[in-house]
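Let me begin by presenting the structure, written as structure tokens, before commenting on it.
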Amino acid sequence: MNSSIQIDAGQWGKIGINFSDEARGSTMIVPHIHDGWEIFCWLGGRMVYYLDEQPLMVPHSAVVPVPPGMGHRTQYDEHELRWKVDLNFEEKFFNIFPTKAAGDQIRASLMQGMVTVSMKWANELRQLVVDMVLDAEEGEMAAAKAVFALASILAGIAQAAGEHQETEKVGMRHTHVARAMAIIDREYVHSITLPALSERLHLTKSYLCHIFQEVQGMTVTEYIRFCRVRAAKELLLDAGLSIAEIAERVGFGCVNYFTKCFREEEGATPSYYRTIVLGKK
């Protein structure tokens, strides 16, 4: 199925639909722009989409919103089969939403750029577009259906963008925490301060504390202590090392503090732990 239509939606402006089930296209050398918005949906292959000549790799099941006035062009294998949808609409279409705030939120979501969507959502979008095309000859009824369908599509994109953004935030939090843990794992024997660690990670102290506690279930200080006690347990197996030497080797500057921390972690003093463990060997 291949179709290119335009629907006059009255006060909401014109809605353009370009739909192709198995389109073959050639690379666009010269970018073009639109006075209104374009929603490009590529399903069934991979391509490069240029926005203001900045390349964007578009995977299967992705949506690329293009704001008014932004130059764009495509590049893909001429022989690759795919189905694609281009939806064009005017800026005033955002007034369709119940409140100005809702329309502004939808617009802001589209401004975030490409959104990867699920196959289920992609198939739902495809069906909405097919219905819009099939209903195109129904006059006013076609316009009403197209308005409803496009509003549903934009709301769906906004929701997917929000979920994608939240997923990225969660992933970034885990990345920051993993980097912090890697530094501590390597350098726990040295003096590690929260200000120095957060500076190395280019994070604020409060944010680092928050995400570390959220992801690991313990504070940064508790993890440093955990690493030092863990290392101390290994060294306690060497009867030739004194408790003071072990405390110094793992980063505790004071034997009494080392003993206190060890007892809190293991429920026994270093000396007693050594006696019990070595006694079992």
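Note on naming: chains are A, B, ... as they come in the structure tokens, residues start from 1 per chain, ligands start from 1 in the order shown.
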Please identify every residue of range 132-195 of chain A that has at least one atom no farther than 12 Å from an atom of range 51-68 of chain A, counting only C-alpha atoms, and for each give the shortest atom pair and the distance in Å to one decimal, arranged by chain then increasing number, as CSV.
```
residue,atom,partner,partner_atom,distance
A:Ile153,CA,A:Val63,CA,10.6
A:Leu154,CA,A:Pro65,CA,9.7
A:Gly156,CA,A:Val63,CA,10.8
A:Ile157,CA,A:Val63,CA,7.8
A:Ala158,CA,A:Pro65,CA,10.6
A:Ala160,CA,A:Val63,CA,9.8
A:Ala161,CA,A:Val63,CA,9.8
A:His164,CA,A:Ala62,CA,11.7
```
Q: Enumerate, as a PyMOL selection string, the complete set of residues in range 110-277 of chain A that a backbone-based DSSP assignment places in alpha helix (DSSP H).
A: chain A and resi 110-111+119-134+140-187+194-200+205-216+220-235+243-249+255-266+270-277
Q) What are the DSSP strand (DSSP E) residues of range 10-191 of chain A, as a PyMOL selection string? A) chain A and resi 14-23+37-43+47-51+54-58+62-66+72-75+82-89+115-116
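Closest to Gln11 in chain A among A:Val215, A:Val177, A:Ile96, A:Ala151 is A:Ile96, based on only C-alpha atoms.
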**Q.** Selection near Ala142 in chain A, 10 Å with only C-alpha atoms, sequence-local residues under 3 positions removed, as a list in words
**A.**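 That gives Ile7, Asp8, Ala9, Asp131, Met132, Val133, Leu134, Asp135, Ala136, Glu137, Glu138, Gly139, Lys145, Ala146, Val147 and Phe148 of chain A.
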Selection export as a PDB file, in the first residue's frame, atoms kept: N, CA, C and O atoms:
```
ATOM      1  N   ILE A   7      -5.222  16.182   4.257  1.00  0.00           N
ATOM      2  CA  ILE A   7      -6.560  16.336   4.818  1.00  0.00           C
ATOM      3  C   ILE A   7      -6.690  17.727   5.414  1.00  0.00           C
ATOM      4  O   ILE A   7      -5.826  18.169   6.182  1.00  0.00           O
ATOM      5  N   ASP A   8      -7.748  18.421   5.053  1.00  0.00           N
ATOM      6  CA  ASP A   8      -8.022  19.741   5.611  1.00  0.00           C
ATOM      7  C   ASP A   8      -8.781  19.549   6.921  1.00  0.00           C
ATOM      8  O   ASP A   8      -9.940  19.133   6.935  1.00  0.00           O
ATOM      9  N   ALA A   9      -8.103  19.850   8.035  1.00  0.00           N
ATOM     10  CA  ALA A   9      -8.704  19.659   9.354  1.00  0.00           C
ATOM     11  C   ALA A   9      -9.264  20.957   9.916  1.00  0.00           C
ATOM     12  O   ALA A   9      -9.348  21.139  11.136  1.00  0.00           O
ATOM     13  N   ASP A 131      -5.808   3.565   8.650  1.00  0.00           N
ATOM     14  CA  ASP A 131      -7.214   3.967   8.802  1.00  0.00           C
ATOM     15  C   ASP A 131      -7.429   5.403   8.314  1.00  0.00           C
ATOM     16  O   ASP A 131      -8.461   5.707   7.688  1.00  0.00           O
ATOM     17  N   MET A 132      -6.452   6.282   8.598  1.00  0.00           N
ATOM     18  CA  MET A 132      -6.561   7.661   8.134  1.00  0.00           C
ATOM     19  C   MET A 132      -6.606   7.714   6.607  1.00  0.00           C
ATOM     20  O   MET A 132      -7.382   8.466   6.011  1.00  0.00           O
ATOM     21  N   VAL A 133      -5.770   6.898   5.984  1.00  0.00           N
ATOM     22  CA  VAL A 133      -5.721   6.864   4.518  1.00  0.00           C
ATOM     23  C   VAL A 133      -7.026   6.303   3.941  1.00  0.00           C
ATOM     24  O   VAL A 133      -7.599   6.857   2.999  1.00  0.00           O
ATOM     25  N   LEU A 134      -7.513   5.207   4.528  1.00  0.00           N
ATOM     26  CA  LEU A 134      -8.722   4.563   4.015  1.00  0.00           C
ATOM     27  C   LEU A 134      -9.962   5.435   4.222  1.00  0.00           C
ATOM     28  O   LEU A 134     -10.922   5.357   3.436  1.00  0.00           O
ATOM     29  N   ASP A 135      -9.924   6.254   5.276  1.00  0.00           N
ATOM     30  CA  ASP A 135     -11.068   7.121   5.574  1.00  0.00           C
ATOM     31  C   ASP A 135     -10.996   8.469   4.857  1.00  0.00           C
ATOM     32  O   ASP A 135     -11.869   9.318   5.048  1.00  0.00           O
ATOM     33  N   ALA A 136      -9.951   8.674   4.055  1.00  0.00           N
ATOM     34  CA  ALA A 136      -9.684  10.002   3.488  1.00  0.00           C
ATOM     35  C   ALA A 136     -10.803  10.533   2.596  1.00  0.00           C
ATOM     36  O   ALA A 136     -10.910  11.743   2.392  1.00  0.00           O
ATOM     37  N   GLU A 137     -11.652   9.669   2.083  1.00  0.00           N
ATOM     38  CA  GLU A 137     -12.692  10.116   1.159  1.00  0.00           C
ATOM     39  C   GLU A 137     -14.026  10.387   1.861  1.00  0.00           C
ATOM     40  O   GLU A 137     -15.040  10.616   1.206  1.00  0.00           O
ATOM     41  N   GLU A 138     -14.017  10.394   3.179  1.00  0.00           N
ATOM     42  CA  GLU A 138     -15.260  10.569   3.917  1.00  0.00           C
ATOM     43  C   GLU A 138     -15.531  12.015   4.313  1.00  0.00           C
ATOM     44  O   GLU A 138     -16.314  12.294   5.214  1.00  0.00           O
ATOM     45  N   GLY A 139     -14.870  12.975   3.698  1.00  0.00           N
ATOM     46  CA  GLY A 139     -15.142  14.388   3.944  1.00  0.00           C
ATOM     47  C   GLY A 139     -14.874  14.820   5.362  1.00  0.00           C
ATOM     48  O   GLY A 139     -13.798  14.600   5.903  1.00  0.00           O
ATOM     49  N   LYS A 145     -11.658  12.101  12.121  1.00  0.00           N
ATOM     50  CA  LYS A 145     -10.895  10.900  12.455  1.00  0.00           C
ATOM     51  C   LYS A 145      -9.396  11.156  12.394  1.00  0.00           C
ATOM     52  O   LYS A 145      -8.629  10.661  13.225  1.00  0.00           O
ATOM     53  N   ALA A 146      -8.961  11.924  11.399  1.00  0.00           N
ATOM     54  CA  ALA A 146      -7.535  12.215  11.248  1.00  0.00           C
ATOM     55  C   ALA A 146      -7.025  13.036  12.421  1.00  0.00           C
ATOM     56  O   ALA A 146      -5.920  12.803  12.931  1.00  0.00           O
ATOM     57  N   VAL A 147      -7.824  14.012  12.859  1.00  0.00           N
ATOM     58  CA  VAL A 147      -7.444  14.842  14.002  1.00  0.00           C
ATOM     59  C   VAL A 147      -7.281  13.982  15.244  1.00  0.00           C
ATOM     60  O   VAL A 147      -6.301  14.092  15.985  1.00  0.00           O
ATOM     61  N   PHE A 148      -8.259  13.106  15.479  1.00  0.00           N
ATOM     62  CA  PHE A 148      -8.200  12.228  16.646  1.00  0.00           C
ATOM     63  C   PHE A 148      -6.987  11.298  16.559  1.00  0.00           C
ATOM     64  O   PHE A 148      -6.270  11.095  17.543  1.00  0.00           O
TER      65      PHE A 148
END
```
Q: Compile the contact shell of Tyr188 in chain A as a list in words: residues with an atom at most 7 Å away, counting only C-alpha atoms, same-chain residues fewer than 5 positions apart removed.
A: Ile224, Cys227, Arg228 and Gly251 of chain A
Would you mind exporting the chosen residues as a PDB file, in the first residue's frame, restricted to all heavy atoms?
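Output below, filename selection.pdb:
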```pdb
ATOM      1  N   ILE A 224      33.175   2.368  51.094  1.00  0.00           N
ATOM      2  CA  ILE A 224      34.630   2.454  51.297  1.00  0.00           C
ATOM      3  C   ILE A 224      35.042   1.566  52.465  1.00  0.00           C
ATOM      4  O   ILE A 224      36.025   0.803  52.389  1.00  0.00           O
ATOM      5  CB  ILE A 224      35.054   3.913  51.551  1.00  0.00           C
ATOM      6  CG1 ILE A 224      34.806   4.767  50.297  1.00  0.00           C
ATOM      7  CG2 ILE A 224      36.532   3.979  51.965  1.00  0.00           C
ATOM      8  CD1 ILE A 224      35.010   6.254  50.520  1.00  0.00           C
ATOM      9  N   CYS A 227      34.885  -2.131  51.526  1.00  0.00           N
ATOM     10  CA  CYS A 227      36.034  -2.563  50.721  1.00  0.00           C
ATOM     11  C   CYS A 227      37.272  -2.767  51.584  1.00  0.00           C
ATOM     12  O   CYS A 227      38.032  -3.731  51.388  1.00  0.00           O
ATOM     13  CB  CYS A 227      36.332  -1.541  49.628  1.00  0.00           C
ATOM     14  SG  CYS A 227      35.089  -1.492  48.314  1.00  0.00           S
ATOM     15  N   ARG A 228      37.474  -1.883  52.529  1.00  0.00           N
ATOM     16  CA  ARG A 228      38.645  -1.985  53.402  1.00  0.00           C
ATOM     17  C   ARG A 228      38.552  -3.197  54.326  1.00  0.00           C
ATOM     18  O   ARG A 228      39.541  -3.922  54.516  1.00  0.00           O
ATOM     19  CB  ARG A 228      38.794  -0.700  54.212  1.00  0.00           C
ATOM     20  CG  ARG A 228      39.248   0.485  53.374  1.00  0.00           C
ATOM     21  CD  ARG A 228      39.201   1.796  54.130  1.00  0.00           C
ATOM     22  NE  ARG A 228      39.785   2.881  53.339  1.00  0.00           N
ATOM     23  CZ  ARG A 228      39.696   4.161  53.641  1.00  0.00           C
ATOM     24  NH1 ARG A 228      39.024   4.538  54.735  1.00  0.00           N
ATOM     25  NH2 ARG A 228      40.264   5.071  52.875  1.00  0.00           N
ATOM     26  N   GLY A 251      43.998   1.070  54.505  1.00  0.00           N
ATOM     27  CA  GLY A 251      43.536   2.452  54.465  1.00  0.00           C
ATOM     28  C   GLY A 251      42.997   3.028  55.753  1.00  0.00           C
ATOM     29  O   GLY A 251      42.548   4.181  55.768  1.00  0.00           O
TER      30      GLY A 251
END
```
